Amino acid sequence: MSPPRRVVVTGVGMVSAAGAGSSAAVARALGRGEPFIRPVAAFDTAGLPCHLAGEVDDAALEPLIDRDAARRMSRISRLAVAACRLAVDEARVDGGPTLGLVVGTEFGDFRSSGEFATGYLKRGPSGLSPMLFPGTVMNAMGAAVAITIGVKGPTVTVNQASVAGDLAVARGVALVARGQAEAVLAGGVDELCEPVYRRFADELGVLSPMRGRDGRRAGAEGSRPYAAEHNGPVLGEGATFLVLEDHEVARARGATVLAELVGARWGNVPVAPHTAPVSRADSHSAVRASLAAAGVPTASLTACWGAGSGDPALDDWELALLRADLPGRPDLVPPRALAGVFGRHAGVGAIRVAAAALAAGAGPTLAHGLARGGCRTALVLASPVRR
Amino acid sequence: MSRIVVSGIGVVSPYGAGVKAFWEGLAAGSCAIRPISLIDTEGFRARIAAEVPADVMAGLGVSPRRARADRIGLAAAREALADAGLGPAERAEAALVIGAVGGGMLEGESWYWEETRTGRPSPRIKALRSILPYTHAETLSWRLGIRGPKETVVMACASGSASLALAADLIRDGVVPLALAGGVDAFTRICFMGFNALKLLDPEPCRPFDRDRRGMSIGEAAAFLVLEDAEHCRARGGSVHAELLGAGISTDAHHVTSPHPEGEGMMRAMTLALADAGIDAGAVDYVNAHGTGTLQNDRTEALALARVFGAGRVPMSSTKSLVGHTMAAAGSVEAAATVLALRHGLIPPTANLSTVDPEIPFDCVPITARPAPLEIALSNSFGFGGQNVSLIFRR
């Protein structure tokens with residue numbers, strides 16, 4: 001077996017509540033130190049127990065997508081295309097058979113699914129729109145990106161709660177390391193969708209202020225990851241993608257390298273769907289596997305970003321798992337959290353990895369993800385020193 | 001490089017539960033496409049599909065409170081693990097890669113239909129918890145004790161075959177010694193109505209490669225394969241159904257619903273799979289085609305096959321003519337069919353094929369299964385979004 005290729009980050013594209021931009025925009029958003037969560041503007045939340053979200057200002061998309069092309073795309077596809085365009089522009093890579101794509105999403109184009117179904121319910125078979133139907137399949141965003149940018153290598157869409165963006169980056173690393181693509185666009189995208197927001201906020205009660213075990217809501221609305229008063233996540237939206245590239249290819253073309261992905265693993269703690277039982281240990285920890293693959297001792301880590309979203313059970317479970325995996329590093333637990341800055345969505349996972357990449361110059365960093373239901377990700381980033 | 005073997009197979013198909021029923025149906029050339037019973041089809045052009053029969057669903061041994069897709073997925077996965085002879089310790093080491101599209105949408109639709117029509121909140125809202133495709137992986141990993149990496153891949157109708165290709169990568173990379181991989185899709189209203197809206201469904205059972213074909217027929221199924229490092233399988237005394245020689249994944253980057261008119265992406269997937277397998281096209285004895293029965297797909301696939309293999313140089317058939325297009329499951333259903341064809345030395349037929357389209361210059365094995373000394377076979381899967389996956393198996 002030929003040795004795996006080294007994988008580096010050469011570009012970042014982010015469209016979020018903080019605006020649109022490349023790695024510099026991510027750095028600026030992180031440096032501001034304040035959340036971009038605001039009262040929802042896209043729809044009326046009167047009567048709901050929740051009113052906050054991290055929304056994208058669509059004006060940020062306009063300079064990034066051709067107007068005619070934009071008309072043919074759903075909004076979530078526009079988010080993905082815009083972020084990918086920013087990432088490939090920063091990396092200066094072109095489309096073609098050597099460029100791959102991995103899209104992570106939790107909800108996909110739920111808006112199109114709802115509109116498609118509503119068309120039938122209102123007008124019967126004649127109300128069904130063949131234009132909306134492709135959007136009901138979650139790979140629709142990947143298709144839009146592939147067509148717009150010319151991605152002809154492997155295009156993969158992964159569906160996962162909470163950590164879809166991290167998982168997409170980890171899968172993208174595997175594709176580049178195996179030589180299945182010279183470069184891969186990898187990241188996550190989700191869109192704030194009124195029907196989902198309403199159900200989550202009201203009937204399911206899983207947003208801040210979420211219902212406790214007694215069925216009652218307590219505390220003020222807000223995303224407070226790992227805090228004692230955390231009482232649920234706040235939804236966000238947006239897309240963030242990284243260009244992951246074969247180190248040799250990047251070096252040969254003189255690309256600017258932001259960081260090297262020296263470890264990328266994902267794992268699973270088999271628990272009941274949608275649950276987060278703190279007591280479950282992880283005998284097959286992705287964190288330990290990723291650090292071992294990277295050859296990075298726990299003591300060398302300089303920073304850690306976590307998936308913390310303010311969901312009390314999930315936050316507490318993540319802290320318990322990280323304490324077990326990072327013994328002797330209480331300074332890293334609780335980790336830094338970004339869902340409280342941008343709102344929880346699939347793109348945040350990729351922002352976590354981008355943040356870890358931007359900080360890797362000071363030493364190895366860890367981007368950790370954990371979802372209810374047990375999906376776990378661990379990406380280790382380091383400065384790309386010659387090995 | 002690690003050799004990857006198939007050490008377990010599990011299928012729930014419109015023929016029933018189990019690989020035995022699946023293979024007997026394919027070998028007999030029995031078309032399982034019937035009038036739809038699950039939903040009201042009044043006013044639609046096509047009103048048939050290949051459903052998993054109600055008595056089969058009732059006998060799966062999975063709680064009827066679970067989503068239909070979870071039920072068939074769990075049953076197929078359990079069969080695959082049992083067939084491979086995997087105990088709890090080995091399952092704990094396995095990866096889980098699932099190809100899915102519809103998730104628990106059938107039950108989610110029931111909730112949405114009821115709430116929209118009555119204008120009142122419905123208690124069926126709990127169905128939303130299982131509506132997204134990734135819940136299959138959560139359910140299966142929890143119930144089956146799988147502790148390796150889990151991943152849900154949504155690549156439209158190529159999802160099932162992509163799950164196998166990506167799981168094989170995890171084994172080759174040394175991340176895990178074995179993986180449970182495959183696709184699952186239950187019938188959903190959105191899928192049925194969408195393909196009706198696109199006028200891609202044949203009102204009669206589909207006739208892939210036929211001059212007079214009018215579209216496809218929807219099916220539902222789950223199929224899982226246990227993929228394993230050959231040495232790991234040998235060391236634990238596992239049995240081998242076949243070897244997964246190679247895989248190729250490509251993207252058209254052309255159109256959301258239509259394939260590239262020259263089959264460029266399809267050709268690249270097949271060529272990549274051949275290169276990955278380290279064989280020439282001439283070594284392939286049989287192609288299990290994507291073969292949907294739509295005008296565009298069949299003609300484009302034939303064009304791509306002719307360019308890779310040479311016109312008429314390899315027999316091909318479409319098992320979609322027998323069990324319908326099972327969407328996200330199709331790739332793994334057809335991978336299972338391909339492996340079984342190699343094992344039995346028998347090519348499953350293309351049902352309902354009376355006059356081959358003159359633009360499809362291949363022996364499409366019409367109507368009746370054909371004995372053949374098969375050593376190596378290729379399975380194609382293509383999907384919306386220009387997704388192309390080819391898998392190559394050796395007996």
# chains A, B, ... in the order shown; residues from 1 in each chain; ligands from 1
$ interface_residues --of "chain A" --to "chain B" --cutoff "7 Å" --atoms "only C-alpha atoms" --output "VMD selection string"
chain A and resid 1 117 125 128 to 130 133 137 to 140 143 146 to 147 150 to 160 266 to 273 284 373 375
$ residues_around --residues "B:Asp280" --least-positions-apart "5" --cutoff "10 Å" --atoms "only C-alpha atoms" --output "number ranges by chain"
B: 271, 274-275, 308-309
$ atom_distance --atom1 "atom CA of A:His51" --atom2 "atom CA of A:Leu338"
19.3 Å
$ select_by_dssp --residues "stretch 183-334 of chain A" --states "strand (DSSP E or B)" --output "mmCIF file with C-alpha atoms, in the first residue's frame"
data_model
loop_
_atom_site.group_PDB
_atom_site.id
_atom_site.type_symbol
_atom_site.label_atom_id
_atom_site.label_comp_id
_atom_site.auth_asym_id
_atom_site.auth_seq_id
_atom_site.Cartn_x
_atom_site.Cartn_y
_atom_site.Cartn_z
ATOM 1 C CA ALA A 183 -8.045 18.535 -3.858
ATOM 2 C CA VAL A 184 -11.414 18.274 -2.154
ATOM 3 C CA LEU A 185 -13.878 20.964 -1.156
ATOM 4 C CA ALA A 186 -15.287 19.835 2.173
ATOM 5 C CA GLY A 187 -17.598 21.459 4.650
ATOM 6 C CA GLY A 188 -21.158 21.909 5.712
ATOM 7 C CA VAL A 189 -24.321 23.781 4.855
ATOM 8 C CA ASP A 190 -27.719 24.249 6.440
ATOM 9 C CA ARG A 211 -37.948 21.799 27.876
ATOM 10 C CA ARG A 217 -38.857 25.625 29.962
ATOM 11 C CA LEU A 235 -30.205 27.559 15.287
ATOM 12 C CA GLY A 236 -28.010 29.213 12.701
ATOM 13 C CA GLY A 238 -24.782 29.188 6.430
ATOM 14 C CA ALA A 239 -22.088 27.287 4.604
ATOM 15 C CA THR A 240 -18.403 26.905 5.266
ATOM 16 C CA PHE A 241 -16.048 24.899 3.069
ATOM 17 C CA LEU A 242 -12.328 24.213 3.149
ATOM 18 C CA VAL A 243 -10.090 23.289 0.257
ATOM 19 C CA LEU A 244 -8.159 20.212 1.340
ATOM 20 C CA GLU A 245 -5.233 19.477 -0.893
ATOM 21 C CA ASP A 246 -2.484 16.957 -1.446
ATOM 22 C CA ALA A 259 -2.361 24.202 8.145
ATOM 23 C CA GLU A 260 -1.883 20.486 7.770
ATOM 24 C CA LEU A 261 -4.576 17.981 8.771
ATOM 25 C CA VAL A 262 -2.410 15.438 10.535
ATOM 26 C CA GLY A 263 -5.269 13.423 12.020
ATOM 27 C CA ALA A 264 -8.865 12.966 10.910
ATOM 28 C CA ARG A 265 -11.059 10.252 12.366
ATOM 29 C CA TRP A 266 -14.696 9.791 13.084
ATOM 30 C CA GLY A 267 -16.322 7.289 15.376
ATOM 31 C CA ASN A 268 -19.458 6.228 17.111
ATOM 32 C CA ALA A 303 -6.062 24.447 21.725
ATOM 33 C CA CYS A 304 -9.316 22.567 21.364
ATOM 34 C CA TRP A 305 -12.604 23.518 19.716
ATOM 35 C CA GLY A 306 -15.698 21.585 20.666
#
$ residues_around --residues "B:Leu86" --least-positions-apart "5" --cutoff "9 Å" --atoms "only C-alpha atoms" --output "number ranges by chain"
B: 81, 91, 238
$ select_by_dssp --residues "stretch 230-357 of chain A" --states "helix (DSSP H, G or I)" --output "ChimeraX atom specification"
/A:247-252,286-294,298-300,312-325,330-332,339-342,346-357
$ atom_distance --atom1 "atom CA of A:Gly374" --atom2 "atom CA of B:Ser163"
19.5 Å
$ residues_around --residues "stretch 53-60 of chain A" --least-positions-apart "6" --cutoff "7 Å" --atoms "only C-alpha atoms" --output "list in words"
Ser16, Ala17, Gly19, Ala20, Phe36, Ile37, Arg38, Pro39, Val40, Val234, Leu235, Gly236, Glu237, Gly238, Phe342 and Gly343 of chain A
$ atom_distance --atom1 "atom CA of B:Glu264" --atom2 "atom CA of B:Thr294"
18.1 Å
$ closest_residue --among "B:Ala84, B:Ile347, B:Ala223, B:Leu295" --to "B:Arg236" --atoms "only C-alpha atoms"
B:Ala84
$ closest_residue --among "B:His232, B:Arg214, B:Arg395, B:Arg3" --to "B:Asn297" --atoms "only C-alpha atoms"
B:Arg214
